[in-house]
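Undergrad: Following this line is target-v4.cif, made up of mmCIF, C-alpha atoms:
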```cif
data_my_file
loop_
_atom_site.label_atom_id
_atom_site.label_comp_id
_atom_site.auth_asym_id
_atom_site.auth_seq_id
_atom_site.Cartn_x
_atom_site.Cartn_y
_atom_site.Cartn_z
CA MET A 1 10.82 -19.88 -3.72
CA VAL A 2 8.92 -19.49 -6.93
CA ILE A 3 8.79 -16.23 -8.80
CA SER A 4 6.83 -16.28 -12.01
CA ARG A 5 8.75 -14.89 -14.93
CA SER A 6 7.42 -11.77 -16.59
CA GLY A 7 4.91 -12.60 -19.26
CA ALA A 8 4.02 -15.88 -17.56
CA ARG A 9 0.93 -14.43 -16.01
CA ARG A 10 -1.05 -17.38 -14.81
CA ARG A 11 -3.97 -17.11 -12.47
CA LEU A 12 -5.79 -19.79 -10.62
CA PRO A 13 -9.48 -18.94 -10.67
CA GLY A 14 -10.44 -17.04 -7.55
CA VAL A 15 -6.84 -16.61 -6.38
CA THR A 16 -5.74 -13.02 -6.54
CA LEU A 17 -3.03 -10.77 -5.20
CA PRO A 18 -3.82 -8.49 -2.27
CA PRO A 19 -3.45 -4.71 -2.77
CA PHE A 20 0.24 -3.76 -2.80
CA GLU A 21 -0.44 -1.51 0.19
CA THR A 22 -0.93 -4.71 2.22
CA VAL A 23 2.49 -5.95 1.13
CA VAL A 24 4.13 -2.68 2.22
CA ALA A 25 2.32 -2.69 5.56
CA ARG A 26 3.06 -6.34 6.27
CA HIS A 27 6.67 -6.55 5.10
CA GLY A 28 7.96 -2.96 4.96
CA PRO A 29 9.29 -2.90 8.54
CA THR A 30 11.12 -6.24 8.13
CA VAL A 31 12.67 -5.20 4.82
CA LEU A 32 13.84 -1.95 6.43
CA ARG A 33 15.51 -3.89 9.25
CA VAL A 34 17.16 -6.17 6.67
CA CYS A 35 18.41 -3.19 4.63
CA ARG A 36 19.76 -1.54 7.77
CA ALA A 37 21.49 -4.74 8.89
CA VAL A 38 23.17 -5.15 5.49
CA LEU A 39 23.94 -1.49 4.72
CA GLY A 40 23.73 0.60 7.90
CA PRO A 41 21.14 3.31 8.49
CA ALA A 42 22.13 5.90 5.86
CA ALA A 43 22.03 3.79 2.69
CA ALA A 44 19.19 1.58 3.95
CA GLU A 45 16.43 4.02 3.08
CA ASP A 46 17.51 4.26 -0.55
CA ALA A 47 17.74 0.47 -0.76
CA TRP A 48 14.28 0.08 0.82
CA SER A 49 12.76 2.53 -1.66
CA GLU A 50 14.45 0.87 -4.64
CA THR A 51 13.32 -2.53 -3.39
CA PHE A 52 9.66 -1.63 -3.08
CA LEU A 53 9.59 0.29 -6.34
CA ALA A 54 11.05 -2.74 -8.14
CA ALA A 55 8.63 -5.01 -6.28
CA LEU A 56 5.69 -2.81 -7.30
CA ARG A 57 6.83 -3.01 -10.92
CA ALA A 58 6.94 -6.81 -10.88
CA TYR A 59 3.99 -7.32 -8.52
CA PRO A 60 1.21 -8.02 -11.06
CA ASP A 61 3.29 -10.97 -12.35
CA LEU A 62 3.92 -12.47 -8.91
CA ARG A 63 2.25 -15.83 -8.62
CA PRO A 64 -0.37 -15.78 -5.87
CA GLY A 65 0.75 -17.96 -2.99
CA SER A 66 4.43 -17.06 -3.46
CA ASN A 67 6.57 -16.45 -0.37
CA VAL A 68 6.36 -12.66 -0.53
CA GLU A 69 8.93 -12.07 2.20
CA ALA A 70 11.56 -14.21 0.46
CA TRP A 71 10.74 -12.47 -2.81
CA LEU A 72 11.22 -9.03 -1.23
CA VAL A 73 14.45 -10.01 0.55
CA THR A 74 15.82 -11.33 -2.76
CA ILE A 75 15.09 -7.96 -4.37
CA ALA A 76 16.50 -6.12 -1.33
CA HIS A 77 19.67 -8.22 -1.59
CA ARG A 78 20.23 -7.03 -5.18
CA LYS A 79 19.39 -3.42 -4.36
CA ALA A 80 21.75 -3.48 -1.38
CA LEU A 81 24.56 -4.71 -3.62
CA ASP A 82 23.80 -1.75 -5.94
CA GLN A 83 24.11 0.57 -2.94
CA VAL A 84 27.41 -1.02 -1.85
CA ARG A 85 28.83 -0.55 -5.35
CA ALA A 86 27.63 3.06 -5.44
CA GLN A 87 29.14 3.65 -1.99
CA SER A 88 32.51 2.28 -3.00
CA ARG A 89 32.44 4.39 -6.19
CA ARG A 90 31.73 7.51 -4.16
CA ALA A 91 34.14 6.44 -1.39
CA VAL A 92 33.38 9.31 0.95
CA PRO A 93 35.43 8.59 4.08
CA VAL A 94 33.29 10.66 6.46
CA ALA A 95 30.25 8.54 5.66
CA GLN A 96 31.93 5.33 6.78
CA THR A 97 31.30 3.81 10.19
CA PRO A 98 34.44 2.93 12.10
CA GLU A 99 35.68 -0.60 11.48
CA ARG A 100 35.97 -1.37 15.19
CA PRO A 101 33.15 -0.91 17.66
CA ALA A 102 33.54 1.93 20.11
CA THR A 103 34.30 0.65 23.61
CA ASP A 104 34.13 3.84 25.63
CA GLY A 105 30.57 3.17 26.79
CA ILE A 106 29.04 6.54 25.97
CA PRO A 107 25.39 6.45 27.07
CA GLY A 108 23.09 6.36 24.07
CA ALA A 109 25.82 5.06 21.80
CA GLY A 110 24.19 1.61 21.60
CA GLU A 111 22.90 2.04 18.08
CA SER A 112 26.19 3.13 16.60
CA ASP A 113 27.76 0.15 18.38
CA LEU A 114 25.40 -2.14 16.48
CA TRP A 115 26.16 -0.50 13.13
CA ALA A 116 29.88 -0.79 13.83
CA ALA A 117 29.58 -4.42 14.91
CA LEU A 118 27.58 -5.30 11.78
CA ALA A 119 29.93 -3.35 9.52
CA ALA A 120 32.87 -5.27 10.95
CA LEU A 121 31.42 -8.62 9.81
CA PRO A 122 32.57 -10.21 6.57
CA ARG A 123 29.97 -9.60 3.82
CA LYS A 124 28.59 -13.18 3.69
CA GLN A 125 28.20 -13.34 7.47
CA ARG A 126 26.46 -9.99 7.55
CA GLN A 127 24.04 -11.04 4.79
CA SER A 128 23.38 -14.45 6.33
CA VAL A 129 22.64 -12.88 9.70
CA ALA A 130 20.30 -10.34 8.06
CA TYR A 131 18.38 -12.83 5.95
CA HIS A 132 18.10 -15.60 8.56
CA HIS A 133 18.06 -13.87 11.96
CA VAL A 134 16.47 -10.54 10.96
CA ALA A 135 14.18 -11.58 8.08
CA GLY A 136 13.54 -15.05 9.48
CA LEU A 137 14.18 -16.91 6.21
CA PRO A 138 15.19 -20.58 6.48
CA TYR A 139 18.84 -21.34 5.63
CA ALA A 140 17.80 -22.99 2.35
CA GLU A 141 16.27 -19.69 1.21
CA VAL A 142 19.31 -17.76 2.41
CA ALA A 143 21.55 -20.11 0.42
CA GLU A 144 19.43 -19.60 -2.67
CA ILE A 145 19.81 -15.82 -2.38
CA LEU A 146 23.55 -15.87 -1.64
CA GLY A 147 24.55 -18.85 -3.77
CA GLY A 148 26.37 -21.71 -2.06
CA THR A 149 25.08 -24.47 0.15
CA THR A 150 22.54 -24.44 2.94
CA GLU A 151 25.28 -25.58 5.31
CA ALA A 152 27.52 -22.66 4.29
CA ALA A 153 24.66 -20.23 4.96
CA ARG A 154 24.07 -21.84 8.36
CA ARG A 155 27.76 -21.55 9.25
CA ALA A 156 28.06 -17.95 8.05
CA ALA A 157 25.03 -16.94 10.12
CA ALA A 158 26.32 -18.76 13.21
CA ASP A 159 29.77 -17.20 12.89
CA GLY A 160 28.21 -13.79 12.36
CA ILE A 161 25.97 -14.07 15.41
CA ALA A 162 28.88 -15.29 17.55
CA ALA A 163 30.98 -12.31 16.43
CA LEU A 164 28.11 -9.89 17.14
CA ARG A 165 27.68 -11.30 20.63
CA ARG A 166 31.37 -10.71 21.29
CA THR A 167 31.47 -7.14 19.99
CA TYR A 168 27.97 -5.84 20.65
CA ARG A 169 25.89 -6.25 23.77
CA GLY A 170 22.69 -4.55 22.66
CA GLY A 171 19.82 -4.50 25.14
CA GLU A 172 22.05 -5.36 28.10
CA SER A 173 22.92 -2.91 30.84
CA ARG A 174 26.54 -1.99 30.76
CA MET B 1 22.46 -13.73 27.16
CA THR B 2 20.69 -11.54 24.64
CA THR B 3 18.11 -12.99 22.30
CA ASP B 4 18.16 -12.21 18.58
CA HIS B 5 15.28 -9.87 19.22
CA ASP B 6 17.25 -7.82 21.73
CA LEU B 7 20.38 -8.04 19.62
CA PHE B 8 18.65 -6.41 16.65
CA ALA B 9 16.21 -4.13 18.45
CA ALA B 10 18.08 -1.06 17.22
CA LEU B 11 17.38 -2.03 13.59
CA ALA B 12 13.66 -1.25 13.78
CA GLY B 13 12.45 1.91 12.08
CA THR B 14 10.22 4.39 13.90
CA ASP B 15 6.62 4.93 12.81
CA GLU B 16 7.66 8.29 11.43
CA GLU B 17 10.42 6.71 9.32
CA THR B 18 8.03 4.06 8.06
CA ARG B 19 5.51 6.72 7.09
CA ARG B 20 8.12 8.81 5.32
CA LEU B 21 9.37 5.82 3.34
CA HIS B 22 5.81 4.91 2.39
CA ASP B 23 5.13 8.44 1.13
CA ARG B 24 8.38 8.44 -0.81
CA LEU B 25 7.37 5.12 -2.42
CA ALA B 26 3.93 6.47 -3.35
CA ALA B 27 5.48 9.55 -4.97
CA ALA B 28 8.06 7.48 -6.86
CA ALA B 29 5.37 5.03 -8.00
CA ALA B 30 3.21 7.88 -9.30
CA GLY B 31 6.21 9.42 -11.07
CA ALA B 32 7.03 6.10 -12.73
CA GLY B 33 3.44 5.56 -13.89
CA MET B 34 3.06 2.53 -11.60
CA LEU B 35 0.48 3.90 -9.20
CA ASP B 36 -2.49 2.21 -10.84
CA VAL B 37 -4.87 2.84 -7.92
CA ALA B 38 -4.30 5.59 -5.31
CA TYR B 39 -6.56 5.82 -2.30
CA ARG B 40 -7.25 7.71 0.89
CA THR B 41 -10.08 7.96 3.41
CA LEU B 42 -12.16 11.03 4.23
CA ASP B 43 -14.24 11.65 7.36
CA THR B 44 -17.69 13.01 6.48
CA PRO B 45 -21.15 13.40 8.09
CA VAL B 46 -22.07 10.02 6.52
CA GLY B 47 -19.05 8.26 7.98
CA THR B 48 -15.57 7.54 6.69
CA LEU B 49 -15.51 7.34 2.90
CA LEU B 50 -12.85 5.52 0.91
CA LEU B 51 -11.78 7.46 -2.19
CA ALA B 52 -9.80 5.70 -4.94
CA ALA B 53 -8.52 7.01 -8.26
CA THR B 54 -6.74 5.63 -11.30
CA GLU B 55 -4.62 7.83 -13.55
CA GLU B 56 -7.84 8.53 -15.45
CA GLY B 57 -9.93 9.73 -12.57
CA LEU B 58 -11.97 8.91 -9.50
CA VAL B 59 -12.84 5.22 -9.78
CA ARG B 60 -14.44 4.38 -6.43
CA VAL B 61 -16.14 6.03 -3.48
CA ALA B 62 -17.06 3.53 -0.77
CA TYR B 63 -19.01 3.72 2.46
CA ALA B 64 -17.62 2.08 5.60
CA ARG B 65 -20.51 -0.42 5.56
CA GLU B 66 -19.16 -1.73 2.25
CA ASP B 67 -15.98 -2.77 4.17
CA HIS B 68 -13.03 -0.76 2.89
CA ASP B 69 -10.65 -3.75 3.00
CA ARG B 70 -13.00 -5.71 0.79
CA VAL B 71 -13.33 -2.73 -1.57
CA LEU B 72 -9.52 -2.48 -1.84
CA ASP B 73 -9.35 -6.22 -2.57
CA GLU B 74 -11.96 -5.73 -5.27
CA LEU B 75 -9.95 -2.85 -6.79
CA ALA B 76 -6.82 -5.04 -6.76
CA ARG B 77 -8.73 -7.76 -8.58
CA ARG B 78 -10.71 -5.69 -11.06
CA VAL B 79 -8.35 -2.77 -11.78
CA SER B 80 -4.79 -3.62 -10.72
CA PRO B 81 -3.00 -4.99 -7.63
CA ARG B 82 -0.74 -1.91 -7.76
CA VAL B 83 -2.80 -0.20 -5.07
CA LEU B 84 -1.23 2.28 -2.62
CA ARG B 85 -2.49 4.73 -0.03
CA ALA B 86 -1.50 7.98 -1.78
CA PRO B 87 -3.62 11.00 -0.87
CA ALA B 88 -1.99 13.39 -3.36
CA ARG B 89 -4.01 12.14 -6.33
CA LEU B 90 -7.24 12.55 -4.34
CA GLU B 91 -6.65 16.09 -3.20
CA ALA B 92 -9.26 17.63 -5.52
CA ALA B 93 -11.84 14.93 -4.79
CA ALA B 94 -11.40 15.35 -1.03
CA ARG B 95 -11.64 19.13 -1.32
CA GLU B 96 -14.82 19.04 -3.44
CA LEU B 97 -16.46 16.49 -1.15
CA GLY B 98 -15.58 18.66 1.84
CA GLU B 99 -17.23 21.61 0.12
CA TYR B 100 -20.26 19.48 -0.75
CA PHE B 101 -20.76 18.31 2.82
CA GLY B 102 -20.26 21.91 3.98
CA GLY B 103 -23.16 22.98 1.73
CA ARG B 104 -20.84 25.06 -0.46
CA ARG B 105 -20.83 22.86 -3.58
CA SER B 106 -23.79 21.61 -5.63
CA ALA B 107 -21.96 19.80 -8.45
CA PHE B 108 -18.67 17.93 -8.78
CA ASP B 109 -16.04 18.88 -11.29
CA LEU B 110 -13.79 15.81 -11.22
CA PRO B 111 -12.46 13.42 -13.86
CA LEU B 112 -14.30 10.12 -13.35
CA ASP B 113 -13.22 6.60 -14.30
CA LEU B 114 -16.42 4.55 -14.75
CA ARG B 115 -14.68 1.28 -15.61
CA LEU B 116 -16.33 -0.51 -12.67
CA ALA B 117 -19.79 0.03 -14.16
CA GLN B 118 -20.67 -1.56 -17.46
CA GLY B 119 -23.49 -1.79 -19.95
CA PHE B 120 -26.91 -0.58 -18.87
CA ARG B 121 -25.70 0.21 -15.34
CA ARG B 122 -23.20 2.63 -16.79
CA THR B 123 -25.90 4.16 -19.01
CA VAL B 124 -28.04 4.72 -15.92
CA LEU B 125 -25.16 6.34 -14.02
CA SER B 126 -24.50 8.69 -16.92
CA HIS B 127 -28.06 10.03 -16.54
CA LEU B 128 -27.89 10.69 -12.79
CA PRO B 129 -25.95 13.99 -12.83
CA ALA B 130 -28.93 15.43 -14.74
CA ILE B 131 -30.97 15.17 -11.53
CA GLY B 132 -30.19 18.56 -10.06
CA TYR B 133 -28.86 19.25 -6.58
CA GLY B 134 -31.69 19.39 -4.03
CA THR B 135 -34.15 17.56 -6.30
CA THR B 136 -35.09 13.90 -6.72
CA ALA B 137 -36.31 11.60 -9.50
CA SER B 138 -38.12 8.28 -9.29
CA TYR B 139 -36.57 4.97 -10.38
CA ALA B 140 -39.23 4.88 -13.11
CA ALA B 141 -38.32 8.36 -14.36
CA VAL B 142 -34.64 7.43 -14.54
CA ALA B 143 -35.53 4.23 -16.41
CA ALA B 144 -37.45 6.30 -18.92
CA ALA B 145 -34.61 8.80 -19.25
CA ALA B 146 -32.16 5.93 -19.86
CA GLY B 147 -34.37 4.77 -22.73
CA SER B 148 -35.75 1.65 -21.05
CA PRO B 149 -38.94 2.67 -19.23
CA ARG B 150 -39.65 -0.93 -18.15
CA ALA B 151 -36.20 -1.41 -16.60
CA VAL B 152 -37.14 0.04 -13.22
CA ARG B 153 -35.59 -2.82 -11.26
CA ALA B 154 -32.40 -2.59 -13.33
CA VAL B 155 -32.18 1.09 -12.41
CA GLY B 156 -32.41 0.06 -8.77
CA THR B 157 -29.56 -2.40 -9.30
CA ALA B 158 -27.48 0.24 -11.10
CA CYS B 159 -27.94 2.60 -8.14
CA ALA B 160 -27.20 -0.14 -5.58
CA THR B 161 -23.94 -0.98 -7.37
CA ASN B 162 -22.90 2.62 -8.15
CA PRO B 163 -19.09 2.63 -7.73
CA LEU B 164 -19.14 6.41 -7.16
CA PRO B 165 -21.90 7.21 -4.65
CA VAL B 166 -22.28 10.85 -3.52
CA VAL B 167 -20.31 12.06 -6.57
CA VAL B 168 -22.65 10.31 -9.03
CA PRO B 169 -25.88 11.19 -7.22
CA CYS B 170 -27.79 7.91 -6.99
CA HIS B 171 -29.09 9.20 -3.63
CA ARG B 172 -31.40 11.50 -5.63
CA VAL B 173 -33.23 8.50 -7.08
CA VAL B 174 -36.22 7.73 -4.84
CA ARG B 175 -39.40 5.65 -4.82
CA SER B 176 -42.41 6.84 -6.79
CA ASP B 177 -44.24 7.55 -3.52
CA GLY B 178 -41.49 9.97 -2.57
CA THR B 179 -39.92 7.88 0.21
CA PRO B 180 -36.14 7.59 -0.11
CA GLY B 181 -35.84 3.83 -0.65
CA ARG B 182 -32.69 1.80 -0.37
CA TYR B 183 -29.15 3.11 -0.67
CA VAL B 184 -25.64 1.71 -0.94
CA GLY B 185 -24.67 3.83 2.08
CA GLY B 186 -27.73 2.79 4.07
CA PRO B 187 -31.09 4.62 4.41
CA ASP B 188 -29.74 7.04 7.05
CA ALA B 189 -26.97 8.24 4.75
CA LYS B 190 -29.46 8.77 1.94
CA ARG B 191 -31.69 10.82 4.24
CA THR B 192 -28.67 12.84 5.42
CA LEU B 193 -27.61 13.69 1.86
CA LEU B 194 -31.13 14.63 0.76
CA ASP B 195 -31.63 16.82 3.86
CA LEU B 196 -28.25 18.43 3.34
CA GLU B 197 -29.14 19.39 -0.22
CA VAL B 198 -32.54 20.79 0.74
CA ALA B 199 -31.09 22.80 3.63
CA ALA B 200 -28.17 24.31 1.73
#
```
Starting from the coordinates I provided, produce the structure as structure tokens.

TA:
Amino acid sequence: MVISRSGARRRLPGVTLPPFETVVARHGPTVLRVCRAVLGPAAAEDAWSETFLAALRAYPDLRPGSNVEAWLVTIAHRKALDQVRAQSRRAVPVAQTPERPATDGIPGAGESDLWAALAALPRKQRQSVAYHHVAGLPYAEVAEILGGTTEAARRAAADGIAALRRTYRGGESR
Amino acid sequence: MTTDHDLFAALAGTDEETRRLHDRLAAAAAGAGMLDVAYRTLDTPVGTLLLAATEEGLVRVAYAREDHDRVLDELARRVSPRVLRAPARLEAAARELGEYFGGRRSAFDLPLDLRLAQGFRRTVLSHLPAIGYGTTASYAAVAAAAGSPRAVRAVGTACATNPLPVVVPCHRVVRSDGTPGRYVGGPDAKRTLLDLEVAA
């Protein structure tokens, strides 16, 4: 992924950025799903808003032809970390999802099952699952965002998916 | 076995959530001085108009036949790519246009940003509000008023490329024989506006 540094505003003749509204319409739903996967539903909206505000700020310097989705997920990754730090500073117990998924099969409890299953994953697995399986980024991009090797990103995502399949059976009748 | 799609179906936001987040972004962008171009659409008797404003004022009014997506691309290129659908900044413009099309307003009182018109074209546009509501002037008369009586064709070009039709009344510029002539919104729209102003 290539992100032009601020001040390095280079334009190929005739190549221009689409209106930012197009970016929000095209990628907003995916970034929301990524934020929710990494943070859960409550903190995700703040992270989404911070992500797109930061993206809007930097947008005029984005090189046309960049992978916009990877760029946004990279920003969302940083904003989600900010949210996690803020959450742990606040440390409000009632806002936490239970560590273990509920198993009592209450109808309509499927969503909270997913949040619980995601929250139970180790951080790297949760992020790898979000960036590869939810955002659709290739493992090399995921590795670039998380640091570490492509193979480590692949393994973390595979382990995360396997754990989710064990603990959460979304979409299946129960 | 569930697919990834089924596995993560619960992550998707509803349309209402998406809309709310979008509105929150637009408000935050405006507050941070990063909403370079705000836009909305407005349904009128001459079709759906696109209204766009910078922090300085109304910068573009566009007819549907101009292709609103192309107009937004042009705004991104010529003004700034920081373009968002954000109706709040266009509240006054939408209200005044509604009053105009309802026959209850004969002049607009809006801050205008004329950056999309330059040189002689801009000079021509600055003379158009002097043509009163319900009246018309010929291309030749406008050329004379703009100080270049021989620049009749250039006046036609200035009108055809008016970035603020309806609000800057290029529809009141007609042929010397009194027929309406061409218009950025199409001849029917020109006729509609002229009839509206005579009837009101």

Undergrad: Take the PyMOL selection byres ((chain B and resi 139) around 12), apply it to the structure above, and return the hits as a count of residues only.

TA: 40

Undergrad: Specify as a list in words each residue included when the PyMOL selection byres ((chain A and resi 21-29) around 9) is applied to this file.

TA: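 Residues picked by the PyMOL selection byres ((chain A and resi 21-29) around 9): Pro18, Pro19, Phe20, Thr30, Val31, Leu32, Arg33, Val34, Trp48, Phe52, Val68, Glu69 and Leu72 of chain A; Ala12, Gly13, Thr18, His22, Pro81, Arg82, Val83, Leu84 and Arg85 of chain B.
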
Undergrad: Considering all atoms listed in the file, can you say which of A:Leu121, A:Val129, A:Ala152, A:Ala140 comes closest to chain B?

TA: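 Closest to chain B of all the choices is A:Val129.
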
Undergrad: Find the residues of chain B that sit at most 10 Å from chain A; for each, write down the nearest two atoms and how far apart they are in Å, to one decimal. Count all atoms listed in the file. Sort by chain, then by number going up, and give it as a Markdown table.

TA:
```
| residue | atom | partner | partner_atom | distance |
| --- | --- | --- | --- | --- |
| B:Met1 | CA | A:Glu172 | CA | 8.4 |
| B:Thr2 | CA | A:Gly171 | CA | 7.1 |
| B:Thr3 | CA | A:Gly171 | CA | 9.1 |
| B:Asp4 | CA | A:His133 | CA | 6.8 |
| B:His5 | CA | A:Val134 | CA | 8.4 |
| B:Asp6 | CA | A:Gly171 | CA | 5.4 |
| B:Leu7 | CA | A:Gly170 | CA | 5.2 |
| B:Phe8 | CA | A:Val134 | CA | 7.4 |
| B:Ala9 | CA | A:Gly171 | CA | 7.6 |
| B:Ala10 | CA | A:Glu111 | CA | 5.8 |
| B:Leu11 | CA | A:Arg33 | CA | 5.1 |
| B:Ala12 | CA | A:Arg33 | CA | 5.6 |
| B:Gly13 | CA | A:Pro29 | CA | 6.8 |
| B:Thr14 | CA | A:Pro29 | CA | 9.1 |
| B:Asp15 | CA | A:Pro29 | CA | 9.3 |
| B:Glu17 | CA | A:Glu45 | CA | 9.1 |
| B:Thr18 | CA | A:Pro29 | CA | 7.1 |
| B:Arg20 | CA | A:Glu45 | CA | 9.8 |
| B:Leu21 | CA | A:Ser49 | CA | 6.9 |
| B:His22 | CA | A:Val24 | CA | 7.8 |
| B:Arg24 | CA | A:Ser49 | CA | 7.4 |
| B:Leu25 | CA | A:Ser49 | CA | 6.0 |
| B:Ala26 | CA | A:Leu53 | CA | 8.9 |
| B:Ala28 | CA | A:Leu53 | CA | 7.4 |
| B:Ala29 | CA | A:Leu53 | CA | 6.6 |
| B:Ala32 | CA | A:Leu53 | CA | 9.0 |
| B:Gly33 | CA | A:Arg57 | CA | 9.7 |
| B:Met34 | CA | A:Arg57 | CA | 6.7 |
| B:Leu35 | CA | A:Leu56 | CA | 8.7 |
| B:Val37 | CA | A:Pro19 | CA | 9.2 |
| B:Ala38 | CA | A:Glu21 | CA | 9.8 |
| B:Tyr39 | CA | A:Glu21 | CA | 9.9 |
| B:Asp69 | CA | A:Pro19 | CA | 9.3 |
| B:Leu72 | CA | A:Pro19 | CA | 6.5 |
| B:Asp73 | CA | A:Pro18 | CA | 6.0 |
| B:Glu74 | CA | A:Pro19 | CA | 8.9 |
| B:Leu75 | CA | A:Pro19 | CA | 7.9 |
| B:Ala76 | CA | A:Pro19 | CA | 5.2 |
| B:Arg77 | CA | A:Thr16 | CA | 6.4 |
| B:Arg78 | CA | A:Thr16 | CA | 9.9 |
| B:Ser80 | CA | A:Pro60 | CA | 7.4 |
| B:Pro81 | CA | A:Pro19 | CA | 4.9 |
| B:Arg82 | CA | A:Phe20 | CA | 5.4 |
| B:Val83 | CA | A:Pro19 | CA | 5.1 |
| B:Leu84 | CA | A:Glu21 | CA | 4.8 |
| B:Arg85 | CA | A:Glu21 | CA | 6.6 |
| B:Ala86 | CA | A:Glu21 | CA | 9.8 |
```

Undergrad: Create the file for the chosen residues now, containing C-alpha atoms and written as a PDB file, in the frame of the given file.

TA:
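Result went into out.pdb, see below:
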```pdb
ATOM      1  CA  MET B   1      22.460 -13.730  27.160  1.00  0.00           C
ATOM      2  CA  THR B   2      20.690 -11.540  24.640  1.00  0.00           C
ATOM      3  CA  THR B   3      18.110 -12.990  22.300  1.00  0.00           C
ATOM      4  CA  ASP B   4      18.160 -12.210  18.580  1.00  0.00           C
ATOM      5  CA  HIS B   5      15.280  -9.870  19.220  1.00  0.00           C
ATOM      6  CA  ASP B   6      17.250  -7.820  21.730  1.00  0.00           C
ATOM      7  CA  LEU B   7      20.380  -8.040  19.620  1.00  0.00           C
ATOM      8  CA  PHE B   8      18.650  -6.410  16.650  1.00  0.00           C
ATOM      9  CA  ALA B   9      16.210  -4.130  18.450  1.00  0.00           C
ATOM     10  CA  ALA B  10      18.080  -1.060  17.220  1.00  0.00           C
ATOM     11  CA  LEU B  11      17.380  -2.030  13.590  1.00  0.00           C
ATOM     12  CA  ALA B  12      13.660  -1.250  13.780  1.00  0.00           C
ATOM     13  CA  GLY B  13      12.450   1.910  12.080  1.00  0.00           C
ATOM     14  CA  THR B  14      10.220   4.390  13.900  1.00  0.00           C
ATOM     15  CA  ASP B  15       6.620   4.930  12.810  1.00  0.00           C
ATOM     16  CA  GLU B  17      10.420   6.710   9.320  1.00  0.00           C
ATOM     17  CA  THR B  18       8.030   4.060   8.060  1.00  0.00           C
ATOM     18  CA  ARG B  20       8.120   8.810   5.320  1.00  0.00           C
ATOM     19  CA  LEU B  21       9.370   5.820   3.340  1.00  0.00           C
ATOM     20  CA  HIS B  22       5.810   4.910   2.390  1.00  0.00           C
ATOM     21  CA  ARG B  24       8.380   8.440  -0.810  1.00  0.00           C
ATOM     22  CA  LEU B  25       7.370   5.120  -2.420  1.00  0.00           C
ATOM     23  CA  ALA B  26       3.930   6.470  -3.350  1.00  0.00           C
ATOM     24  CA  ALA B  28       8.060   7.480  -6.860  1.00  0.00           C
ATOM     25  CA  ALA B  29       5.370   5.030  -8.000  1.00  0.00           C
ATOM     26  CA  ALA B  32       7.030   6.100 -12.730  1.00  0.00           C
ATOM     27  CA  GLY B  33       3.440   5.560 -13.890  1.00  0.00           C
ATOM     28  CA  MET B  34       3.060   2.530 -11.600  1.00  0.00           C
ATOM     29  CA  LEU B  35       0.480   3.900  -9.200  1.00  0.00           C
ATOM     30  CA  VAL B  37      -4.870   2.840  -7.920  1.00  0.00           C
ATOM     31  CA  ALA B  38      -4.300   5.590  -5.310  1.00  0.00           C
ATOM     32  CA  TYR B  39      -6.560   5.820  -2.300  1.00  0.00           C
ATOM     33  CA  ASP B  69     -10.650  -3.750   3.000  1.00  0.00           C
ATOM     34  CA  LEU B  72      -9.520  -2.480  -1.840  1.00  0.00           C
ATOM     35  CA  ASP B  73      -9.350  -6.220  -2.570  1.00  0.00           C
ATOM     36  CA  GLU B  74     -11.960  -5.730  -5.270  1.00  0.00           C
ATOM     37  CA  LEU B  75      -9.950  -2.850  -6.790  1.00  0.00           C
ATOM     38  CA  ALA B  76      -6.820  -5.040  -6.760  1.00  0.00           C
ATOM     39  CA  ARG B  77      -8.730  -7.760  -8.580  1.00  0.00           C
ATOM     40  CA  ARG B  78     -10.710  -5.690 -11.060  1.00  0.00           C
ATOM     41  CA  SER B  80      -4.790  -3.620 -10.720  1.00  0.00           C
ATOM     42  CA  PRO B  81      -3.000  -4.990  -7.630  1.00  0.00           C
ATOM     43  CA  ARG B  82      -0.740  -1.910  -7.760  1.00  0.00           C
ATOM     44  CA  VAL B  83      -2.800  -0.200  -5.070  1.00  0.00           C
ATOM     45  CA  LEU B  84      -1.230   2.280  -2.620  1.00  0.00           C
ATOM     46  CA  ARG B  85      -2.490   4.730  -0.030  1.00  0.00           C
ATOM     47  CA  ALA B  86      -1.500   7.980  -1.780  1.00  0.00           C
TER      48      ALA B  86
END
```

Undergrad: Suppose you want the space between CA of Ser88 (chain A) and CA of Ala119 (chain A); what is it in Å?

TA: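 Between CA of Ser88 (chain A) and CA of Ala119 (chain A) the gap works out to 14.0 Å.
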
Undergrad: Taking into account all atoms listed in the file, which residue in the set B:Gly31, B:Gly47, B:Gly134, B:Gly57 is nearest to Glu91 (chain B)?

TA: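 Counting all atoms listed in the file, the residue closest to Glu91 (chain B) is B:Gly57.
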
Undergrad: So which one's closest to Gly147 (chain B), B:Thr192, B:Phe120, B:Val168, B:Arg95? Using only C-alpha atoms, please.

TA: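 Of B:Thr192, B:Phe120, B:Val168, B:Arg95, the one nearest Gly147 (chain B), counting only C-alpha atoms, is B:Phe120.
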
Undergrad: Work out how far CA of Arg60 (chain B) is from CA of Leu125 (chain B), in Å to one decimal.

TA: 13.3 Å

Undergrad: For CA of His77 (chain A) and CA of Leu137 (chain A), determine how far apart the two atoms are, in Å to one decimal place.

TA: 12.9 Å

Undergrad: Any chance you could work out the axis-aligned box around region 117-121 of chain A, listed atoms only, 6 Å on each side, giving centre and edge lengths in Å to one decimal, as lines of an AutoDock Vina configuration file?

TA:
```
center_x = 30.2
center_y = -6.0
center_z = 12.2
size_x = 17.3
size_y = 17.3
size_z = 17.4
```

Undergrad: So what does the PyMOL selection byres ((chain A and resi 141) around 9) actually pick up in this one, as a count of residues only?

TA: 14

Undergrad: What's the 8 Å shell around region 98-113 of chain B, counting only C-alpha atoms, without same-chain residues fewer than 5 positions away, as a list of chain:residue names?

TA: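 Non-adjacent residues within range: B:Thr44, B:Pro45, B:Ala53, B:Thr54, B:Glu56, B:Gly57, B:Leu58, B:Val59, B:Ala92, B:Ala93, B:Tyr133, B:Val167, B:Leu196, B:Glu197, B:Ala200.
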